[in-house]
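Trainee: Have a look at this one.
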Amino acid sequence: ARPAPPPPPRGGGLPPPGGPGGGMEGTGEEVVVVEAPQQPPEEGPALSPTDALLRGPLAPQLLHCPGVALTVVALVLCWYHVWSRRIGTARFACTLDDVSKGQHWRMVTSCFVHDSPVHLLINVTSLWAARKVELVQGTGYFLQYSLVLLVASQLVMLLAASVIRERFRTESYVPRLRSVGYTCVVFGWLTFRAVRDPRSPHTLMGLLALPSDLAPIITFTLVRVLAPRANPLGHVAGALTGLLLGAGLEVLPTAYWSTCFVVGVAAYFGSSYLATLMEEDAAAEATGGAGGDAGAASGR
């Protein structure tokens with residue numbers, strides 16, 4: 001009878017090379033262990049130069065965004081001047097009644113004063129978060145269309161207030177609704193970004209990151225909660241003008257028209273302010289003359 005075959009190795013595998021002992025003495029071959037190549041870690045999509053700059057140090061951003069930086073400085077200085085001298089914002093605010101009297105310069109001055117530090121903080125941080133507009137479009141584009149948004153949003157707000165007054169026949173609230181703050185321009189740029197680049201990140205007050213298409217709605221809600229005295233018509237008017245600009249309605253196609261617009265706005269509102277000063281001086285002289293005549297009559 002034939003002898004029984006040896007049992008298979010444990011684990012069901014093949015017997016080790018080199019005989020039953022499992023060694024390599026009988027083969028004379030050298031064992032070479034080959035390690036599998038390590039896969040490199042997966043990297044995310046490469047950042048564009050603009051996004052890389054936005055995530056970098058502050059100093060280069062200030063150099064590449066002079067328009068936003070200068071606007072922020074102007075807003076802070078104007079607020080400090082009004083606050084330190086205890087000047088009421090009503091001196092610079094824009095209302096439908098004041099504009100009806102010919103004080104059109106208030107459409108510009110009202111944008112650079114704020115009722116409270118919280119209102120100023122919201123506008124400054126929101127404007128800084130929208131600095132990508134200047135990086136992409138250029139400083140000249142940002143500055144000239146900031147002026148366009150300012151003037152256009154103020155006109156839309158005043159037109160809406162006038163329609164509301166005539167439609168609902170109210171004389172108590174809408175005609176005296178004061179407009180102060182840079183919110184109209186800020187909402188214009190927020191809506192512009194929501195149209196042109198809806199998925200880009202927007203940092204709300206430096207704390208909360210959210211998509212740009214949600215920034216106007218969230219910011220509007222935040223302003224209504226933290227600064228309830230702010231004029232909601234200005235926010236809506238700014239968003240509307242920003243929507244039109246983002247959709248491609250660019251009214252200053254060349255440098256010539258940009259220069260004409262800036263010079264025309266400066267001349268018109270400057271002459272309006274001078275006219276108001278002359279009227280105030282004439283009224284003060286008339287009041288002083290009437291007071292002097294009354295004093296002379298009582299002395300007799």
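Residue names in the structure tokens use chain letters A, B, ... in the order shown, residue numbers from 1 in each chain, and ligand numbers from 1 in the order shown.
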Please identify every residue of segment 173-203 of chain A that has at least one atom no farther than 9 Å from an atom of segment 141-163 of chain A, counting only C-alpha atoms, and for each give the shortest atom pair and the distance in Å to one decimal, arranged by chain then increasing number, as CSV.
Mentor:
```
residue,atom,partner,partner_atom,distance
A:Val174,CA,A:Ala161,CA,6.0
A:Pro175,CA,A:Ala161,CA,6.9
A:Leu177,CA,A:Ala161,CA,8.5
A:Ser179,CA,A:Gln154,CA,8.9
A:Tyr182,CA,A:Leu150,CA,8.3
A:Cys184,CA,A:Ser153,CA,6.2
A:Val185,CA,A:Leu150,CA,5.5
A:Val186,CA,A:Ser146,CA,8.8
A:Gly188,CA,A:Leu149,CA,6.4
A:Trp189,CA,A:Ser146,CA,8.2
```
Trainee: Identify, with DSSP run on backbone atoms, the residues in segment 72-132 of chain A assigned to alpha helix (DSSP H), and express the list as an NGL selection string.
Mentor: :A and (72-84 or 96-100 or 106-109 or 117-129 or 132)
Trainee: Can you measure atom CA of Thr241 of chain A to atom CA of Leu207 of chain A for me? One decimal in Å is fine.
Mentor: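 Going from atom CA of Thr241 of chain A over to atom CA of Leu207 of chain A covers 27.1 Å.
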Trainee: Restricting the calculation to only C-alpha atoms, which member of A:Ala194, A:Val99, A:Asp51, A:Arg131 is positioned closest to Ala247 of chain A?
Mentor: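 Of the candidates, the smallest distance to Ala247 of chain A is held by A:Ala194.
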Trainee: State, in Å with one decimal place, the distance from atom CA of Tyr268 of chain A to atom CA of Arg86 of chain A.
Mentor: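 Distance between the two atoms: 28.5 Å.
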Trainee: Out of A:Val195, A:Leu54, A:Ala227, A:Ile164, which residue has the shortest atom-to-atom distance to Ala215 of chain A when counting only C-alpha atoms?
Mentor: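 The shortest atom-to-atom distance to Ala215 of chain A comes from A:Val195.
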Trainee: Would you list the contacts of Pro60 of chain A as a PyMOL selection string, taking every protein, DNA or RNA residue within 12 Å and counting only C-alpha atoms, but skipping same-chain residues closer than 5 positions in sequence?
Mentor: chain A and resi 50+52-55+65-66+69+135
Trainee: How about saving the chosen residues, all heavy atoms kept, as an mmCIF file, in the first residue's frame?
Mentor:
```
data_model
loop_
_atom_site.group_PDB
_atom_site.id
_atom_site.type_symbol
_atom_site.label_atom_id
_atom_site.label_comp_id
_atom_site.auth_asym_id
_atom_site.auth_seq_id
_atom_site.Cartn_x
_atom_site.Cartn_y
_atom_site.Cartn_z
ATOM 1 N N THR A 50 -6.277 85.791 -6.894
ATOM 2 C CA THR A 50 -7.136 86.668 -6.103
ATOM 3 C C THR A 50 -7.509 86.030 -4.779
ATOM 4 O O THR A 50 -7.421 86.662 -3.711
ATOM 5 C CB THR A 50 -8.408 87.011 -6.896
ATOM 6 O OG1 THR A 50 -8.042 87.668 -8.108
ATOM 7 C CG2 THR A 50 -9.307 87.919 -6.085
ATOM 8 N N ALA A 52 -5.917 83.616 -3.262
ATOM 9 C CA ALA A 52 -4.700 83.486 -2.453
ATOM 10 C C ALA A 52 -4.361 84.806 -1.762
ATOM 11 O O ALA A 52 -3.932 84.819 -0.603
ATOM 12 C CB ALA A 52 -3.535 83.035 -3.334
ATOM 13 N N LEU A 53 -4.564 85.918 -2.452
ATOM 14 C CA LEU A 53 -4.310 87.227 -1.838
ATOM 15 C C LEU A 53 -5.293 87.497 -0.714
ATOM 16 O O LEU A 53 -4.926 88.028 0.343
ATOM 17 C CB LEU A 53 -4.396 88.319 -2.900
ATOM 18 C CG LEU A 53 -4.180 89.761 -2.417
ATOM 19 C CD1 LEU A 53 -2.779 89.926 -1.864
ATOM 20 C CD2 LEU A 53 -4.417 90.738 -3.558
ATOM 21 N N LEU A 54 -6.564 87.128 -0.903
ATOM 22 C CA LEU A 54 -7.569 87.369 0.121
ATOM 23 C C LEU A 54 -7.312 86.561 1.388
ATOM 24 O O LEU A 54 -7.741 86.962 2.475
ATOM 25 C CB LEU A 54 -8.964 87.030 -0.428
ATOM 26 C CG LEU A 54 -9.503 87.946 -1.523
ATOM 27 C CD1 LEU A 54 -10.820 87.427 -2.049
ATOM 28 C CD2 LEU A 54 -9.676 89.362 -0.993
ATOM 29 N N ARG A 55 -6.624 85.428 1.261
ATOM 30 C CA ARG A 55 -6.318 84.601 2.422
ATOM 31 C C ARG A 55 -4.940 84.898 2.993
ATOM 32 O O ARG A 55 -4.512 84.235 3.948
ATOM 33 C CB ARG A 55 -6.396 83.123 2.038
ATOM 34 C CG ARG A 55 -7.783 82.680 1.593
ATOM 35 C CD ARG A 55 -7.846 81.186 1.381
ATOM 36 N NE ARG A 55 -9.161 80.772 0.898
ATOM 37 C CZ ARG A 55 -9.539 79.504 0.736
ATOM 38 N NH1 ARG A 55 -8.672 78.532 1.016
ATOM 39 N NH2 ARG A 55 -10.735 79.205 0.286
ATOM 40 N N CYS A 65 -6.203 96.948 -2.511
ATOM 41 C CA CYS A 65 -7.593 97.426 -2.372
ATOM 42 C C CYS A 65 -7.608 98.838 -1.803
ATOM 43 O O CYS A 65 -8.202 99.085 -0.741
ATOM 44 C CB CYS A 65 -8.408 96.491 -1.481
ATOM 45 S SG CYS A 65 -8.451 94.780 -1.997
ATOM 46 N N PRO A 66 -6.961 99.813 -2.456
ATOM 47 C CA PRO A 66 -6.923 101.165 -1.886
ATOM 48 C C PRO A 66 -8.296 101.818 -1.848
ATOM 49 O O PRO A 66 -8.567 102.642 -0.965
ATOM 50 C CB PRO A 66 -5.967 101.913 -2.815
ATOM 51 C CG PRO A 66 -6.035 101.168 -4.115
ATOM 52 C CD PRO A 66 -6.244 99.737 -3.741
ATOM 53 N N ALA A 69 -10.074 100.481 1.243
ATOM 54 C CA ALA A 69 -9.381 100.950 2.439
ATOM 55 C C ALA A 69 -9.652 102.429 2.695
ATOM 56 O O ALA A 69 -9.948 102.835 3.834
ATOM 57 C CB ALA A 69 -7.881 100.691 2.296
ATOM 58 N N LEU A 135 -10.604 93.901 -6.369
ATOM 59 C CA LEU A 135 -9.495 93.097 -6.866
ATOM 60 C C LEU A 135 -9.759 92.599 -8.282
ATOM 61 O O LEU A 135 -8.851 92.546 -9.112
ATOM 62 C CB LEU A 135 -9.256 91.904 -5.936
ATOM 63 C CG LEU A 135 -8.660 92.223 -4.567
ATOM 64 C CD1 LEU A 135 -8.604 90.960 -3.710
ATOM 65 C CD2 LEU A 135 -7.275 92.827 -4.704
#
```
Trainee: In Å, with one decimal, what is the gap from atom CA of Leu77 of chain A to atom CA of His119 of chain A?
Mentor: 14.4 Å
Trainee: Counting only C-alpha atoms, what is within 10 Å of Val265 of chain A, bar same-chain residues fewer than 2 positions away, as a list in words?
Mentor: Trp105, Val108, Leu147, Val148, Val151, Thr259, Cys260, Phe261, Val262, Val263, Ala267, Tyr268, Phe269, Gly270 and Ser271 of chain A
Trainee: Keeping only all heavy atoms, write the selected residues as a short mmCIF file (atom, residue, chain, number, x, y, z; two decimals), in the first residue's frame.
Mentor:
```
data_model
loop_
_atom_site.label_atom_id
_atom_site.label_comp_id
_atom_site.auth_asym_id
_atom_site.auth_seq_id
_atom_site.Cartn_x
_atom_site.Cartn_y
_atom_site.Cartn_z
N TRP A 105 -27.72 118.07 -1.58
CA TRP A 105 -26.42 117.65 -1.10
C TRP A 105 -26.53 116.60 0.01
O TRP A 105 -25.59 115.83 0.24
CB TRP A 105 -25.63 118.86 -0.59
CG TRP A 105 -26.38 119.69 0.42
CD1 TRP A 105 -27.20 120.74 0.14
CD2 TRP A 105 -26.37 119.53 1.83
NE1 TRP A 105 -27.72 121.26 1.31
CE2 TRP A 105 -27.23 120.53 2.36
CE3 TRP A 105 -25.75 118.65 2.72
CZ2 TRP A 105 -27.46 120.67 3.73
CZ3 TRP A 105 -25.98 118.78 4.08
CH2 TRP A 105 -26.82 119.78 4.57
N VAL A 108 -25.62 112.89 -0.54
CA VAL A 108 -24.23 112.44 -0.42
C VAL A 108 -23.78 112.43 1.03
O VAL A 108 -23.21 111.44 1.51
CB VAL A 108 -23.31 113.32 -1.28
CG1 VAL A 108 -21.84 112.93 -1.08
CG2 VAL A 108 -23.69 113.22 -2.74
N LEU A 147 -19.88 105.56 -6.55
CA LEU A 147 -20.61 106.82 -6.67
C LEU A 147 -21.92 106.63 -7.42
O LEU A 147 -22.95 107.22 -7.07
CB LEU A 147 -19.73 107.85 -7.37
CG LEU A 147 -20.29 109.27 -7.47
CD1 LEU A 147 -20.60 109.84 -6.10
CD2 LEU A 147 -19.31 110.18 -8.22
N VAL A 148 -21.90 105.79 -8.46
CA VAL A 148 -23.14 105.50 -9.19
C VAL A 148 -24.17 104.84 -8.27
O VAL A 148 -25.35 105.21 -8.25
CB VAL A 148 -22.85 104.60 -10.40
CG1 VAL A 148 -24.14 104.12 -11.04
CG2 VAL A 148 -22.02 105.35 -11.44
N VAL A 151 -25.64 107.52 -5.74
CA VAL A 151 -26.62 108.44 -6.31
C VAL A 151 -27.89 107.70 -6.74
O VAL A 151 -29.02 108.12 -6.44
CB VAL A 151 -26.01 109.21 -7.49
CG1 VAL A 151 -27.05 110.10 -8.16
CG2 VAL A 151 -24.82 110.05 -7.02
N THR A 259 -15.48 110.47 -16.20
CA THR A 259 -15.02 111.79 -15.77
C THR A 259 -16.16 112.80 -15.76
O THR A 259 -16.31 113.59 -14.81
CB THR A 259 -13.89 112.27 -16.68
OG1 THR A 259 -12.83 111.31 -16.70
CG2 THR A 259 -13.34 113.61 -16.22
N CYS A 260 -16.98 112.78 -16.80
CA CYS A 260 -18.13 113.70 -16.85
C CYS A 260 -19.08 113.46 -15.70
O CYS A 260 -19.61 114.41 -15.09
CB CYS A 260 -18.86 113.54 -18.18
SG CYS A 260 -17.93 114.11 -19.63
N PHE A 261 -19.29 112.20 -15.36
CA PHE A 261 -20.22 111.88 -14.28
C PHE A 261 -19.68 112.37 -12.94
O PHE A 261 -20.40 113.01 -12.16
CB PHE A 261 -20.46 110.38 -14.23
CG PHE A 261 -21.31 109.93 -13.08
CD1 PHE A 261 -22.68 110.15 -13.08
CD2 PHE A 261 -20.73 109.29 -11.99
CE1 PHE A 261 -23.46 109.75 -12.02
CE2 PHE A 261 -21.51 108.88 -10.93
CZ PHE A 261 -22.88 109.10 -10.94
N VAL A 262 -18.41 112.10 -12.66
CA VAL A 262 -17.83 112.51 -11.38
C VAL A 262 -17.82 114.03 -11.25
O VAL A 262 -18.21 114.59 -10.21
CB VAL A 262 -16.41 111.93 -11.23
CG1 VAL A 262 -15.74 112.49 -9.99
CG2 VAL A 262 -16.47 110.41 -11.16
N VAL A 263 -17.39 114.71 -12.29
CA VAL A 263 -17.35 116.18 -12.25
C VAL A 263 -18.76 116.75 -12.12
O VAL A 263 -19.00 117.70 -11.35
CB VAL A 263 -16.64 116.72 -13.50
CG1 VAL A 263 -16.74 118.25 -13.56
CG2 VAL A 263 -15.17 116.29 -13.50
N ALA A 267 -20.06 119.01 -9.00
CA ALA A 267 -20.52 120.38 -9.24
C ALA A 267 -21.97 120.57 -8.78
O ALA A 267 -22.30 121.58 -8.14
CB ALA A 267 -20.38 120.73 -10.72
N TYR A 268 -22.82 119.60 -9.06
CA TYR A 268 -24.24 119.75 -8.73
C TYR A 268 -24.46 119.76 -7.22
O TYR A 268 -25.13 120.66 -6.68
CB TYR A 268 -25.04 118.62 -9.37
CG TYR A 268 -26.52 118.70 -9.06
CD1 TYR A 268 -27.34 119.59 -9.75
CD2 TYR A 268 -27.08 117.90 -8.08
CE1 TYR A 268 -28.68 119.68 -9.47
CE2 TYR A 268 -28.44 117.99 -7.78
CZ TYR A 268 -29.23 118.87 -8.49
OH TYR A 268 -30.57 118.96 -8.20
N PHE A 269 -23.90 118.78 -6.53
CA PHE A 269 -24.13 118.71 -5.09
C PHE A 269 -23.36 119.79 -4.35
O PHE A 269 -23.81 120.27 -3.30
CB PHE A 269 -23.76 117.32 -4.56
CG PHE A 269 -24.72 116.25 -4.99
CD1 PHE A 269 -24.35 115.29 -5.91
CD2 PHE A 269 -26.01 116.19 -4.47
CE1 PHE A 269 -25.24 114.31 -6.31
CE2 PHE A 269 -26.90 115.22 -4.86
CZ PHE A 269 -26.51 114.26 -5.79
N GLY A 270 -22.21 120.19 -4.88
CA GLY A 270 -21.49 121.31 -4.27
C GLY A 270 -22.27 122.61 -4.38
O GLY A 270 -22.37 123.38 -3.41
N SER A 271 -22.83 122.88 -5.54
CA SER A 271 -23.64 124.10 -5.70
C SER A 271 -24.90 124.04 -4.84
O SER A 271 -25.35 125.05 -4.30
CB SER A 271 -24.01 124.28 -7.17
OG SER A 271 -24.79 123.18 -7.63
#
```
Trainee: What lies within 8 Å of Pro211 of chain A using only C-alpha atoms, ignoring chain neighbours under 6 positions off, as a PDB file with N, CA and C atoms, in the first residue's frame?
Mentor:
```
ATOM      1  N   PRO A 198     -21.872  84.016  -7.161  1.00  0.00           N
ATOM      2  CA  PRO A 198     -22.771  83.641  -6.063  1.00  0.00           C
ATOM      3  C   PRO A 198     -22.197  82.653  -5.061  1.00  0.00           C
ATOM      4  N   ARG A 199     -21.241  81.794  -5.463  1.00  0.00           N
ATOM      5  CA  ARG A 199     -20.741  80.763  -4.557  1.00  0.00           C
ATOM      6  C   ARG A 199     -19.439  81.149  -3.877  1.00  0.00           C
ATOM      7  N   SER A 200     -18.935  82.321  -4.125  1.00  0.00           N
ATOM      8  CA  SER A 200     -17.709  82.731  -3.443  1.00  0.00           C
ATOM      9  C   SER A 200     -18.016  83.015  -1.976  1.00  0.00           C
ATOM     10  N   PRO A 201     -17.053  82.785  -1.079  1.00  0.00           N
ATOM     11  CA  PRO A 201     -17.329  82.973   0.348  1.00  0.00           C
ATOM     12  C   PRO A 201     -17.427  84.441   0.729  1.00  0.00           C
ATOM     13  N   HIS A 202     -18.315  84.726   1.657  1.00  0.00           N
ATOM     14  CA  HIS A 202     -18.484  86.067   2.212  1.00  0.00           C
ATOM     15  C   HIS A 202     -18.430  85.948   3.728  1.00  0.00           C
TER      16      HIS A 202
END
```
Trainee: Have a look at A:Val223, A:Ala130, A:Met205, A:Glu250 and name the one nearest to Arg193 of chain A; count only C-alpha atoms.
Mentor: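 Of the candidates, the smallest distance to Arg193 of chain A is held by A:Ala130.
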Trainee: Here is a test: counting only C-alpha atoms, which residue of A:Ala209, A:Leu244, A:Arg196, A:Gly238 is nearest to Val136 of chain A?
Mentor: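 Closest to Val136 of chain A, using only C-alpha atoms: A:Arg196.
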Trainee: Report the residues of segment 51-265 of chain A whose backbone DSSP state falls under strand (DSSP E), written as a list in words.
Mentor: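 Of segment 51-265 of chain A, the ones in strand (DSSP E) are Pro201, His202, Thr203, Leu204, Leu208, Ala209, Leu210 and Pro211 of chain A.
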Trainee: With all heavy atoms retained, export the selected residues as a PDB file, in the first residue's frame.
Mentor:
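Listing of again.pdb after writing:
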```pdb
ATOM      1  N   PRO A 201     -17.053  82.785  -1.079  1.00  0.00           N
ATOM      2  CA  PRO A 201     -17.329  82.973   0.348  1.00  0.00           C
ATOM      3  C   PRO A 201     -17.427  84.441   0.729  1.00  0.00           C
ATOM      4  O   PRO A 201     -16.713  85.293   0.195  1.00  0.00           O
ATOM      5  CB  PRO A 201     -16.135  82.295   1.026  1.00  0.00           C
ATOM      6  CG  PRO A 201     -15.041  82.351   0.007  1.00  0.00           C
ATOM      7  CD  PRO A 201     -15.700  82.252  -1.333  1.00  0.00           C
ATOM      8  N   HIS A 202     -18.315  84.726   1.657  1.00  0.00           N
ATOM      9  CA  HIS A 202     -18.484  86.067   2.212  1.00  0.00           C
ATOM     10  C   HIS A 202     -18.430  85.948   3.728  1.00  0.00           C
ATOM     11  O   HIS A 202     -19.173  85.158   4.320  1.00  0.00           O
ATOM     12  CB  HIS A 202     -19.823  86.675   1.780  1.00  0.00           C
ATOM     13  CG  HIS A 202     -20.109  87.997   2.432  1.00  0.00           C
ATOM     14  ND1 HIS A 202     -19.683  89.199   1.894  1.00  0.00           N
ATOM     15  CD2 HIS A 202     -20.764  88.311   3.578  1.00  0.00           C
ATOM     16  CE1 HIS A 202     -20.076  90.186   2.673  1.00  0.00           C
ATOM     17  NE2 HIS A 202     -20.728  89.675   3.704  1.00  0.00           N
ATOM     18  N   THR A 203     -17.553  86.723   4.358  1.00  0.00           N
ATOM     19  CA  THR A 203     -17.396  86.668   5.806  1.00  0.00           C
ATOM     20  C   THR A 203     -18.235  87.767   6.437  1.00  0.00           C
ATOM     21  O   THR A 203     -17.999  88.955   6.206  1.00  0.00           O
ATOM     22  CB  THR A 203     -15.925  86.831   6.206  1.00  0.00           C
ATOM     23  OG1 THR A 203     -15.148  85.848   5.518  1.00  0.00           O
ATOM     24  CG2 THR A 203     -15.758  86.637   7.700  1.00  0.00           C
ATOM     25  N   LEU A 204     -19.220  87.375   7.227  1.00  0.00           N
ATOM     26  CA  LEU A 204     -20.145  88.315   7.850  1.00  0.00           C
ATOM     27  C   LEU A 204     -19.544  88.822   9.153  1.00  0.00           C
ATOM     28  O   LEU A 204     -19.341  88.046  10.095  1.00  0.00           O
ATOM     29  CB  LEU A 204     -21.490  87.642   8.109  1.00  0.00           C
ATOM     30  CG  LEU A 204     -22.596  88.519   8.689  1.00  0.00           C
ATOM     31  CD1 LEU A 204     -22.963  89.632   7.711  1.00  0.00           C
ATOM     32  CD2 LEU A 204     -23.820  87.685   9.015  1.00  0.00           C
ATOM     33  N   LEU A 208     -18.650  84.908  10.510  1.00  0.00           N
ATOM     34  CA  LEU A 208     -19.435  83.837   9.906  1.00  0.00           C
ATOM     35  C   LEU A 208     -19.208  83.822   8.404  1.00  0.00           C
ATOM     36  O   LEU A 208     -19.410  84.833   7.727  1.00  0.00           O
ATOM     37  CB  LEU A 208     -20.931  84.036  10.208  1.00  0.00           C
ATOM     38  CG  LEU A 208     -21.893  83.023   9.606  1.00  0.00           C
ATOM     39  CD1 LEU A 208     -21.611  81.632  10.153  1.00  0.00           C
ATOM     40  CD2 LEU A 208     -23.343  83.424   9.889  1.00  0.00           C
ATOM     41  N   ALA A 209     -18.774  82.670   7.875  1.00  0.00           N
ATOM     42  CA  ALA A 209     -18.570  82.503   6.439  1.00  0.00           C
ATOM     43  C   ALA A 209     -19.826  81.937   5.809  1.00  0.00           C
ATOM     44  O   ALA A 209     -20.383  80.946   6.293  1.00  0.00           O
ATOM     45  CB  ALA A 209     -17.385  81.576   6.178  1.00  0.00           C
ATOM     46  N   LEU A 210     -20.282  82.574   4.743  1.00  0.00           N
ATOM     47  CA  LEU A 210     -21.478  82.130   4.048  1.00  0.00           C
ATOM     48  C   LEU A 210     -21.352  82.461   2.572  1.00  0.00           C
ATOM     49  O   LEU A 210     -20.554  83.301   2.180  1.00  0.00           O
ATOM     50  CB  LEU A 210     -22.726  82.778   4.653  1.00  0.00           C
ATOM     51  CG  LEU A 210     -22.717  84.304   4.844  1.00  0.00           C
ATOM     52  CD1 LEU A 210     -23.471  84.976   3.724  1.00  0.00           C
ATOM     53  CD2 LEU A 210     -23.336  84.686   6.167  1.00  0.00           C
ATOM     54  N   PRO A 211     -22.138  81.809   1.715  1.00  0.00           N
ATOM     55  CA  PRO A 211     -22.061  82.103   0.271  1.00  0.00           C
ATOM     56  C   PRO A 211     -22.497  83.531  -0.037  1.00  0.00           C
ATOM     57  O   PRO A 211     -23.330  84.119   0.678  1.00  0.00           O
ATOM     58  CB  PRO A 211     -23.024  81.073  -0.347  1.00  0.00           C
ATOM     59  CG  PRO A 211     -23.175  80.013   0.679  1.00  0.00           C
ATOM     60  CD  PRO A 211     -23.024  80.677   2.005  1.00  0.00           C
TER      61      PRO A 211
END
```
